[in-house]
$ cat query39.pdb   # PDB, C-alpha atoms
MODEL        1
ATOM      1  CA  MET A   1      41.909  16.507 -10.394
ATOM      2  CA  ASP A   2      41.327  14.004 -13.219
ATOM      3  CA  ALA A   3      44.357  15.274 -15.136
ATOM      4  CA  CYS A   4      46.604  14.685 -12.110
ATOM      5  CA  ILE A   5      45.561  11.120 -11.363
ATOM      6  CA  THR A   6      47.329   8.275 -13.121
ATOM      7  CA  PRO A   7      44.684   5.896 -14.505
ATOM      8  CA  TYR A   8      44.751   2.222 -13.596
ATOM      9  CA  PRO A   9      46.176   0.018 -16.351
ATOM     10  CA  ASP A  10      43.743  -1.901 -18.504
ATOM     11  CA  VAL A  11      44.001  -5.407 -17.048
ATOM     12  CA  SER A  12      42.527  -6.864 -20.234
ATOM     13  CA  SER A  13      45.656  -5.946 -22.225
ATOM     14  CA  PRO A  14      49.398  -5.840 -21.517
ATOM     15  CA  GLU A  15      50.672  -2.728 -19.746
ATOM     16  CA  GLU A  16      52.794  -0.243 -21.632
ATOM     17  CA  VAL A  17      56.018   1.192 -20.249
ATOM     18  CA  ALA A  18      58.603   3.515 -21.720
ATOM     19  CA  GLY A  19      60.558   0.711 -23.393
ATOM     20  CA  GLY A  20      57.581  -1.173 -24.821
ATOM     21  CA  LYS A  21      54.804  -3.514 -23.706
ATOM     22  CA  LEU A  22      54.882  -5.830 -20.714
ATOM     23  CA  LYS A  23      53.540  -9.340 -21.036
ATOM     24  CA  PRO A  24      50.817 -10.378 -18.594
ATOM     25  CA  PHE A  25      51.845 -12.030 -15.350
ATOM     26  CA  PRO A  26      53.275 -14.669 -14.946
ATOM     27  CA  GLU A  27      54.683 -14.690 -18.499
ATOM     28  CA  ARG A  28      56.566 -11.480 -17.794
ATOM     29  CA  LEU A  29      58.708 -13.264 -15.186
ATOM     30  CA  HIS A  30      60.625 -14.996 -17.972
ATOM     31  CA  ALA A  31      60.142 -12.523 -20.819
ATOM     32  CA  VAL A  32      62.835  -9.998 -21.739
ATOM     33  CA  PRO A  33      61.963  -6.771 -19.864
ATOM     34  CA  PRO A  34      61.417  -3.789 -22.197
ATOM     35  CA  ARG A  35      64.233  -1.753 -20.679
ATOM     36  CA  ILE A  36      66.696  -4.566 -21.395
ATOM     37  CA  ALA A  37      65.347  -5.105 -24.918
ATOM     38  CA  SER A  38      65.778  -1.376 -25.578
ATOM     39  CA  GLY A  39      69.321  -1.298 -24.140
ATOM     40  CA  SER A  40      68.395   1.055 -21.296
ATOM     41  CA  VAL A  41      70.390  -0.886 -18.677
ATOM     42  CA  PRO A  42      74.114  -0.345 -19.292
ATOM     43  CA  GLY A  43      76.060  -3.595 -19.371
ATOM     44  CA  VAL A  44      72.986  -5.814 -19.638
ATOM     45  CA  SER A  45      72.005  -7.205 -23.027
ATOM     46  CA  VAL A  46      69.296  -9.669 -23.983
ATOM     47  CA  GLU A  47      71.962 -12.379 -24.130
ATOM     48  CA  THR A  48      73.392 -11.641 -20.663
ATOM     49  CA  TYR A  49      69.857 -11.472 -19.264
ATOM     50  CA  GLN A  50      69.057 -14.934 -20.619
ATOM     51  CA  GLU A  51      72.378 -16.270 -19.335
ATOM     52  CA  ASP A  52      71.554 -14.862 -15.897
ATOM     53  CA  ASN A  53      68.231 -16.713 -15.903
ATOM     54  CA  GLN A  54      69.949 -19.991 -16.791
ATOM     55  CA  LYS A  55      72.590 -19.424 -14.108
ATOM     56  CA  TRP A  56      70.011 -18.891 -11.364
ATOM     57  CA  THR A  57      67.969 -21.901 -12.423
ATOM     58  CA  LYS A  58      71.137 -23.943 -11.959
ATOM     59  CA  HIS A  59      71.997 -22.286  -8.614
ATOM     60  CA  VAL A  60      68.511 -22.749  -7.163
ATOM     61  CA  ASP A  61      68.439 -26.406  -8.215
ATOM     62  CA  ALA A  62      71.643 -26.798  -6.189
ATOM     63  CA  TYR A  63      70.087 -24.944  -3.236
ATOM     64  CA  ARG A  64      67.173 -27.371  -3.245
ATOM     65  CA  LYS A  65      69.572 -30.282  -2.839
ATOM     66  CA  ILE A  66      71.305 -28.561   0.088
ATOM     67  CA  ASN A  67      68.141 -27.347   1.819
ATOM     68  CA  ARG A  68      65.127 -29.568   1.176
ATOM     69  CA  LEU A  69      62.852 -27.211   3.124
ATOM     70  CA  ILE A  70      62.772 -24.635   0.309
ATOM     71  CA  ASP A  71      59.728 -26.221  -1.372
ATOM     72  CA  SER A  72      58.145 -27.593   1.804
ATOM     73  CA  GLY A  73      56.190 -24.488   2.821
ATOM     74  CA  ARG A  74      58.494 -23.936   5.814
ATOM     75  CA  TYR A  75      59.785 -20.698   4.266
ATOM     76  CA  ARG A  76      57.165 -18.116   3.347
ATOM     77  CA  ASN A  77      58.909 -14.733   3.454
ATOM     78  CA  ILE A  78      62.237 -14.619   1.611
ATOM     79  CA  LEU A  79      64.743 -11.776   1.336
ATOM     80  CA  ASP A  80      67.252 -11.471  -1.511
ATOM     81  CA  MET A  81      69.807  -8.951  -0.232
ATOM     82  CA  ASN A  82      71.532  -8.414  -3.591
ATOM     83  CA  ALA A  83      68.891  -9.281  -6.156
ATOM     84  CA  GLY A  84      70.528  -8.231  -9.423
ATOM     85  CA  LEU A  85      68.059  -8.987 -12.225
ATOM     86  CA  GLY A  86      65.702 -10.944  -9.958
ATOM     87  CA  GLY A  87      66.845 -14.331 -11.249
ATOM     88  CA  PHE A  88      66.873 -15.960  -7.808
ATOM     89  CA  ALA A  89      63.230 -15.070  -7.132
ATOM     90  CA  VAL A  90      62.117 -16.223 -10.581
ATOM     91  CA  ALA A  91      64.027 -19.521 -10.333
ATOM     92  CA  LEU A  92      62.235 -20.369  -7.066
ATOM     93  CA  ASP A  93      59.061 -20.542  -9.166
ATOM     94  CA  SER A  94      56.613 -21.145  -6.311
ATOM     95  CA  SER A  95      53.315 -19.496  -5.415
ATOM     96  CA  LYS A  96      53.987 -20.474  -1.792
ATOM     97  CA  LEU A  97      56.879 -18.016  -1.498
ATOM     98  CA  TRP A  98      57.043 -14.214  -1.272
ATOM     99  CA  VAL A  99      60.377 -12.617  -2.149
ATOM    100  CA  MET A 100      61.562  -9.107  -1.318
ATOM    101  CA  ASN A 101      64.265  -8.167  -3.823
ATOM    102  CA  VAL A 102      66.755  -5.581  -2.571
ATOM    103  CA  ILE A 103      69.093  -3.601  -4.807
ATOM    104  CA  PRO A 104      71.984  -2.242  -2.720
ATOM    105  CA  THR A 105      72.476   1.481  -3.227
ATOM    106  CA  ILE A 106      76.164   0.824  -3.987
ATOM    107  CA  ALA A 107      75.468  -1.883  -6.577
ATOM    108  CA  GLU A 108      77.311  -1.484  -9.869
ATOM    109  CA  LYS A 109      74.112  -1.706 -11.916
ATOM    110  CA  ASN A 110      70.747  -0.110 -11.153
ATOM    111  CA  THR A 111      68.356  -2.955 -11.936
ATOM    112  CA  LEU A 112      65.327  -2.126  -9.797
ATOM    113  CA  GLY A 113      63.345  -1.197 -12.910
ATOM    114  CA  VAL A 114      64.026  -4.677 -14.304
ATOM    115  CA  ILE A 115      62.702  -6.175 -11.062
ATOM    116  CA  TYR A 116      59.449  -4.255 -11.478
ATOM    117  CA  GLU A 117      59.072  -5.085 -15.168
ATOM    118  CA  ARG A 118      59.358  -8.780 -14.306
ATOM    119  CA  GLY A 119      56.367  -8.417 -11.972
ATOM    120  CA  LEU A 120      58.466  -8.698  -8.801
ATOM    121  CA  ILE A 121      58.627  -6.459  -5.761
ATOM    122  CA  GLY A 122      61.822  -4.698  -4.759
ATOM    123  CA  ILE A 123      63.466  -1.715  -3.068
ATOM    124  CA  TYR A 124      66.798   0.087  -2.732
ATOM    125  CA  HIS A 125      68.726  -0.245   0.521
ATOM    126  CA  ASP A 126      72.152   0.466   1.987
ATOM    127  CA  TRP A 127      73.092  -2.574   4.074
ATOM    128  CA  CYS A 128      75.366  -0.448   6.244
ATOM    129  CA  GLU A 129      72.094   0.796   7.765
ATOM    130  CA  ALA A 130      69.155  -0.891   9.502
ATOM    131  CA  PHE A 131      66.508  -2.484   7.288
ATOM    132  CA  SER A 132      62.820  -1.872   7.928
ATOM    133  CA  THR A 133      61.050  -5.212   8.357
ATOM    134  CA  TYR A 134      57.647  -4.105   9.631
ATOM    135  CA  PRO A 135      55.384  -6.071   9.838
ATOM    136  CA  ARG A 136      57.349  -9.291   9.202
ATOM    137  CA  THR A 137      60.579 -11.161   9.717
ATOM    138  CA  TYR A 138      62.098 -13.392   7.051
ATOM    139  CA  ASP A 139      62.324 -17.188   7.002
ATOM    140  CA  LEU A 140      65.069 -17.427   4.375
ATOM    141  CA  ILE A 141      67.712 -14.856   3.422
ATOM    142  CA  HIS A 142      69.818 -15.027   0.276
ATOM    143  CA  ALA A 143      73.090 -13.075   0.133
ATOM    144  CA  ASN A 144      74.809 -13.372  -3.232
ATOM    145  CA  GLY A 145      78.110 -11.484  -3.405
ATOM    146  CA  LEU A 146      76.871  -9.117  -0.722
ATOM    147  CA  PHE A 147      79.861  -9.341   1.586
ATOM    148  CA  SER A 148      82.361  -8.847  -1.236
ATOM    149  CA  LEU A 149      80.379  -5.727  -2.110
ATOM    150  CA  TYR A 150      80.378  -4.346   1.443
ATOM    151  CA  GLN A 151      83.615  -5.620   2.987
ATOM    152  CA  ASP A 152      85.366  -2.254   2.508
ATOM    153  CA  LYS A 153      82.256  -0.154   3.150
ATOM    154  CA  CYS A 154      81.193  -1.050   6.702
ATOM    155  CA  SER A 155      81.552  -3.704   9.394
ATOM    156  CA  LEU A 156      80.598  -7.190   8.216
ATOM    157  CA  GLU A 157      79.708  -7.990  11.836
ATOM    158  CA  ASP A 158      77.107  -5.209  11.801
ATOM    159  CA  VAL A 159      75.591  -6.515   8.573
ATOM    160  CA  GLN A 160      75.328 -10.024  10.002
ATOM    161  CA  LEU A 161      73.832  -8.798  13.269
ATOM    162  CA  GLU A 162      71.187  -7.015  11.203
ATOM    163  CA  MET A 163      70.542 -10.284   9.366
ATOM    164  CA  ASP A 164      70.171 -12.043  12.715
ATOM    165  CA  ARG A 165      67.638  -9.436  13.811
ATOM    166  CA  ILE A 166      65.410  -9.810  10.763
ATOM    167  CA  LEU A 167      65.703 -13.615  10.474
ATOM    168  CA  SER A 168      63.032 -15.772  12.096
ATOM    169  CA  PRO A 169      64.119 -18.355  14.695
ATOM    170  CA  GLU A 170      65.265 -21.501  12.868
ATOM    171  CA  GLY A 171      65.351 -19.510   9.658
ATOM    172  CA  ALA A 172      68.161 -20.072   7.151
ATOM    173  CA  VAL A 173      70.664 -17.965   5.237
ATOM    174  CA  ILE A 174      72.359 -18.890   1.981
ATOM    175  CA  PHE A 175      75.588 -16.964   1.423
ATOM    176  CA  ARG A 176      77.178 -17.185  -2.048
ATOM    177  CA  ASP A 177      80.559 -15.510  -2.340
ATOM    178  CA  GLU A 178      84.302 -15.939  -2.801
ATOM    179  CA  VAL A 179      85.737 -18.489  -0.380
ATOM    180  CA  ASP A 180      88.058 -16.022   1.399
ATOM    181  CA  VAL A 181      85.086 -13.767   2.138
ATOM    182  CA  LEU A 182      82.954 -16.684   3.339
ATOM    183  CA  ILE A 183      85.688 -17.764   5.760
ATOM    184  CA  LYS A 184      85.362 -14.346   7.445
ATOM    185  CA  VAL A 185      81.584 -14.674   7.444
ATOM    186  CA  LYS A 186      81.777 -18.172   8.955
ATOM    187  CA  LYS A 187      83.842 -16.882  11.902
ATOM    188  CA  ILE A 188      81.179 -14.286  12.656
ATOM    189  CA  THR A 189      78.330 -16.807  12.399
ATOM    190  CA  ALA A 190      80.157 -19.040  14.888
ATOM    191  CA  GLY A 191      80.088 -16.204  17.397
ATOM    192  CA  MET A 192      76.358 -15.791  16.764
ATOM    193  CA  ARG A 193      75.913 -19.542  17.365
ATOM    194  CA  TRP A 194      74.395 -20.226  13.989
ATOM    195  CA  ASP A 195      74.771 -23.732  12.590
ATOM    196  CA  THR A 196      76.781 -23.532   9.360
ATOM    197  CA  LYS A 197      77.902 -25.707   6.482
ATOM    198  CA  MET A 198      80.286 -24.742   3.661
ATOM    199  CA  VAL A 199      79.417 -26.247   0.282
ATOM    200  CA  ASP A 200      81.399 -26.283  -2.966
ATOM    201  CA  HIS A 201      80.130 -24.566  -6.076
ATOM    202  CA  GLU A 202      77.882 -26.884  -8.081
ATOM    203  CA  ASP A 203      80.523 -26.945 -10.853
ATOM    204  CA  GLY A 204      83.142 -28.419  -8.517
ATOM    205  CA  PRO A 205      85.637 -27.645  -5.742
ATOM    206  CA  LEU A 206      88.068 -25.756  -7.999
ATOM    207  CA  ILE A 207      85.624 -22.858  -8.406
ATOM    208  CA  PRO A 208      86.576 -20.093  -5.887
ATOM    209  CA  GLU A 209      82.921 -19.175  -5.355
ATOM    210  CA  LYS A 210      81.355 -21.262  -2.584
ATOM    211  CA  GLU A 211      78.078 -21.467  -0.674
ATOM    212  CA  LEU A 212      77.720 -21.125   3.078
ATOM    213  CA  VAL A 213      74.417 -22.303   4.512
ATOM    214  CA  ALA A 214      73.544 -21.124   8.020
ATOM    215  CA  VAL A 215      70.596 -21.815  10.317
ATOM    216  CA  LYS A 216      69.676 -19.509  13.173
ATOM    217  CA  GLN A 217      69.174 -21.508  16.344
ATOM    218  CA  TYR A 218      66.050 -21.218  18.437
ATOM    219  CA  TRP A 219      66.962 -20.224  21.955
ATOM    220  CA  VAL A 220      64.748 -21.266  24.856
ATOM    221  CA  GLU A 221      64.750 -20.597  28.585
ATOM    222  CA  GLY A 222      67.581 -22.293  30.436
ATOM    223  CA  GLY A 223      70.196 -21.879  27.736
ATOM    224  CA  ASN A 224      69.167 -24.836  25.585
ATOM    225  CA  SER A 225      68.521 -24.388  21.908
ATOM    226  CA  THR A 226      67.332 -26.242  18.868
ATOM    227  CA  ALA A 227      68.193 -25.877  15.209
ATOM    228  CA  ALA A 228      66.262 -26.567  12.031
TER     229      ALA A 228
ENDMDL
END

$ encode --input "query39.pdb" --output "structure tokens"
Amino acid sequence: MDACITPYPDVSSPEEVAGGKLKPFPERLHAVPPRIASGSVPGVSVETYQEDNQKWTKHVDAYRKINRLIDSGRYRNILDMNAGLGGFAVALDSSKLWVMNVIPTIAEKNTLGVIYERGLIGIYHDWCEAFSTYPRTYDLIHANGLFSLYQDKCSLEDVQLEMDRILSPEGAVIFRDEVDVLIKVKKITAGMRWDTKMVDHEDGPLIPEKELVAVKQYWVEGGNSTAA
């Protein structure tokens, strides 16, 4: 059986993968993944990878101004529904947070390998279907461009109801998308009785991409509710 068992990596030295060597954690979070350095991900170069990191650092700084609970310990389990290169998770840069990075099966680029090489956890999923959450729910959900991706694939109402199911009471969602898509999303969240706030892109109101922040209300007996 020895020949059939993959040996554990030598923790005293960087792991080797097909495209080269991985830096030890946490340095690998910011290092160029071997498969990007070797050009194995079509459409993603070292330059675009670095630009993506800078973009998400900027976006997450803006999120922190909108939602001051991000670094408070209130959110422990976080879900990134369209993770791309994992820049959102890396930009959070907190040992208090655990992020599940999801690559939609219909995404233009297959970047799950990049997620792994950065030392992050991730999976594939089709958001037209139910998402397995055992044994946890999520305190914060991030949906970047997700509804533009799925608006012609399945019902946006079904996707949002699934988000409601897996979101903890008083948990929050950050939607980032084109404004016309977010207007549709906002109408659905109103029917779900989420508290919402539309925010301009951090570069100004003329940018068509906006942010919609929603908080799931906590319902109690008697029809009253509270919100975070």

$ resolve_selection --input "query39.pdb" --expression "the PyMOL selection byres ((chain A and resi 102) around 7)" --output "tab-separated table (two decimals) with C-alpha atoms, in the frame of the given file"
chain	number	residue	atom	x	y	z
A	80	ASP	CA	67.25	-11.47	-1.51
A	81	MET	CA	69.81	-8.95	-0.23
A	82	ASN	CA	71.53	-8.41	-3.59
A	83	ALA	CA	68.89	-9.28	-6.16
A	100	MET	CA	61.56	-9.11	-1.32
A	101	ASN	CA	64.26	-8.17	-3.82
A	103	ILE	CA	69.09	-3.60	-4.81
A	104	PRO	CA	71.98	-2.24	-2.72
A	122	GLY	CA	61.82	-4.70	-4.76
A	123	ILE	CA	63.47	-1.72	-3.07
A	124	TYR	CA	66.80	0.09	-2.73
A	125	HIS	CA	68.73	-0.24	0.52

$ residues_around --input "query39.pdb" --residues "region 68-77 of chain A" --least-positions-apart "2" --cutoff "7 Å" --atoms "all atoms listed in the file" --output "PDB file with C-alpha atoms, in the coordinates of the input"
ATOM      1  CA  ARG A  64      67.173 -27.371  -3.245  1.00  0.00           C
ATOM      2  CA  LYS A  65      69.572 -30.282  -2.839  1.00  0.00           C
ATOM      3  CA  ILE A  66      71.305 -28.561   0.088  1.00  0.00           C
ATOM      4  CA  LEU A  79      64.743 -11.776   1.336  1.00  0.00           C
ATOM      5  CA  LYS A  96      53.987 -20.474  -1.792  1.00  0.00           C
ATOM      6  CA  LEU A  97      56.879 -18.016  -1.498  1.00  0.00           C
ATOM      7  CA  TRP A  98      57.043 -14.214  -1.272  1.00  0.00           C
ATOM      8  CA  VAL A  99      60.377 -12.617  -2.149  1.00  0.00           C
ATOM      9  CA  TYR A 138      62.098 -13.392   7.051  1.00  0.00           C
ATOM     10  CA  ASP A 139      62.324 -17.188   7.002  1.00  0.00           C
ATOM     11  CA  LEU A 140      65.069 -17.427   4.375  1.00  0.00           C
TER      12      LEU A 140
END

$ resolve_selection --input "query39.pdb" --expression "the PyMOL selection byres ((chain A and resi 178) around 8)" --output "compact mmCIF listing (two decimals) with C-alpha atoms, in the frame of the given file"
# COMPACT_ATOMS: atom_id res chain seq x y z
CA GLY A 145 78.11 -11.48 -3.40
CA SER A 148 82.36 -8.85 -1.24
CA ARG A 176 77.18 -17.18 -2.05
CA ASP A 177 80.56 -15.51 -2.34
CA VAL A 179 85.74 -18.49 -0.38
CA ASP A 180 88.06 -16.02 1.40
CA VAL A 181 85.09 -13.77 2.14
CA LEU A 182 82.95 -16.68 3.34
CA PRO A 208 86.58 -20.09 -5.89
CA GLU A 209 82.92 -19.18 -5.36
CA LYS A 210 81.36 -21.26 -2.58

$ closest_residue --input "query39.pdb" --among "A:Ile78, A:Ala107, A:Ala89, A:Leu22" --to "Ala172 (chain A)" --atoms "all atoms listed in the file"
A:Ile78

$ resolve_selection --input "query39.pdb" --expression "the PyMOL selection byres ((chain A and resi 36) around 12)" --output "VMD selection string"
chain A and resid 18 to 20 22 31 to 35 37 to 50 85 110 to 115 117 to 118

$ residues_around --input "query39.pdb" --residues "Gly87 (chain A)" --least-positions-apart "2" --cutoff "8 Å" --atoms "all atoms listed in the file" --output "number ranges by chain"
A: 52-53, 56-57, 83-85, 89-91

$ closest_residue --input "query39.pdb" --among "A:Asp152, A:Glu129, A:Asp164, A:Asp158" --to "Arg193 (chain A)" --atoms "only C-alpha atoms"
A:Asp164

$ atom_distance --input "query39.pdb" --atom1 "CA of Leu146 (chain A)" --atom2 "CA of Phe175 (chain A)"
8.2 Å

$ closest_residue --input "query39.pdb" --among "A:Ile121, A:Leu29, A:Leu167, A:Val199" --to "Lys216 (chain A)" --atoms "only C-alpha atoms"
A:Leu167

$ residues_around --input "query39.pdb" --residues "Arg165 (chain A)" --least-positions-apart "3" --cutoff "12 Å" --atoms "only C-alpha atoms" --output "VMD selection string"
chain A and resid 130 to 133 136 to 139 141 158 to 162 168 to 169 171 192 216

$ residues_around --input "query39.pdb" --residues "region 202-206 of chain A" --least-positions-apart "4" --cutoff "10 Å" --atoms "only C-alpha atoms" --output "mmCIF file with C-alpha atoms, in the coordinates of the input"
data_model
loop_
_atom_site.group_PDB
_atom_site.id
_atom_site.type_symbol
_atom_site.label_atom_id
_atom_site.label_comp_id
_atom_site.auth_asym_id
_atom_site.auth_seq_id
_atom_site.Cartn_x
_atom_site.Cartn_y
_atom_site.Cartn_z
ATOM 1 C CA LYS A 58 71.137 -23.943 -11.959
ATOM 2 C CA HIS A 59 71.997 -22.286 -8.614
ATOM 3 C CA ASP A 61 68.439 -26.406 -8.215
ATOM 4 C CA ALA A 62 71.643 -26.798 -6.189
ATOM 5 C CA TYR A 63 70.087 -24.944 -3.236
ATOM 6 C CA LYS A 210 81.355 -21.262 -2.584
ATOM 7 C CA GLU A 211 78.078 -21.467 -0.674
#

$ atom_distance --input "query39.pdb" --atom1 "CA of Thr105 (chain A)" --atom2 "CA of Ser155 (chain A)"
16.4 Å
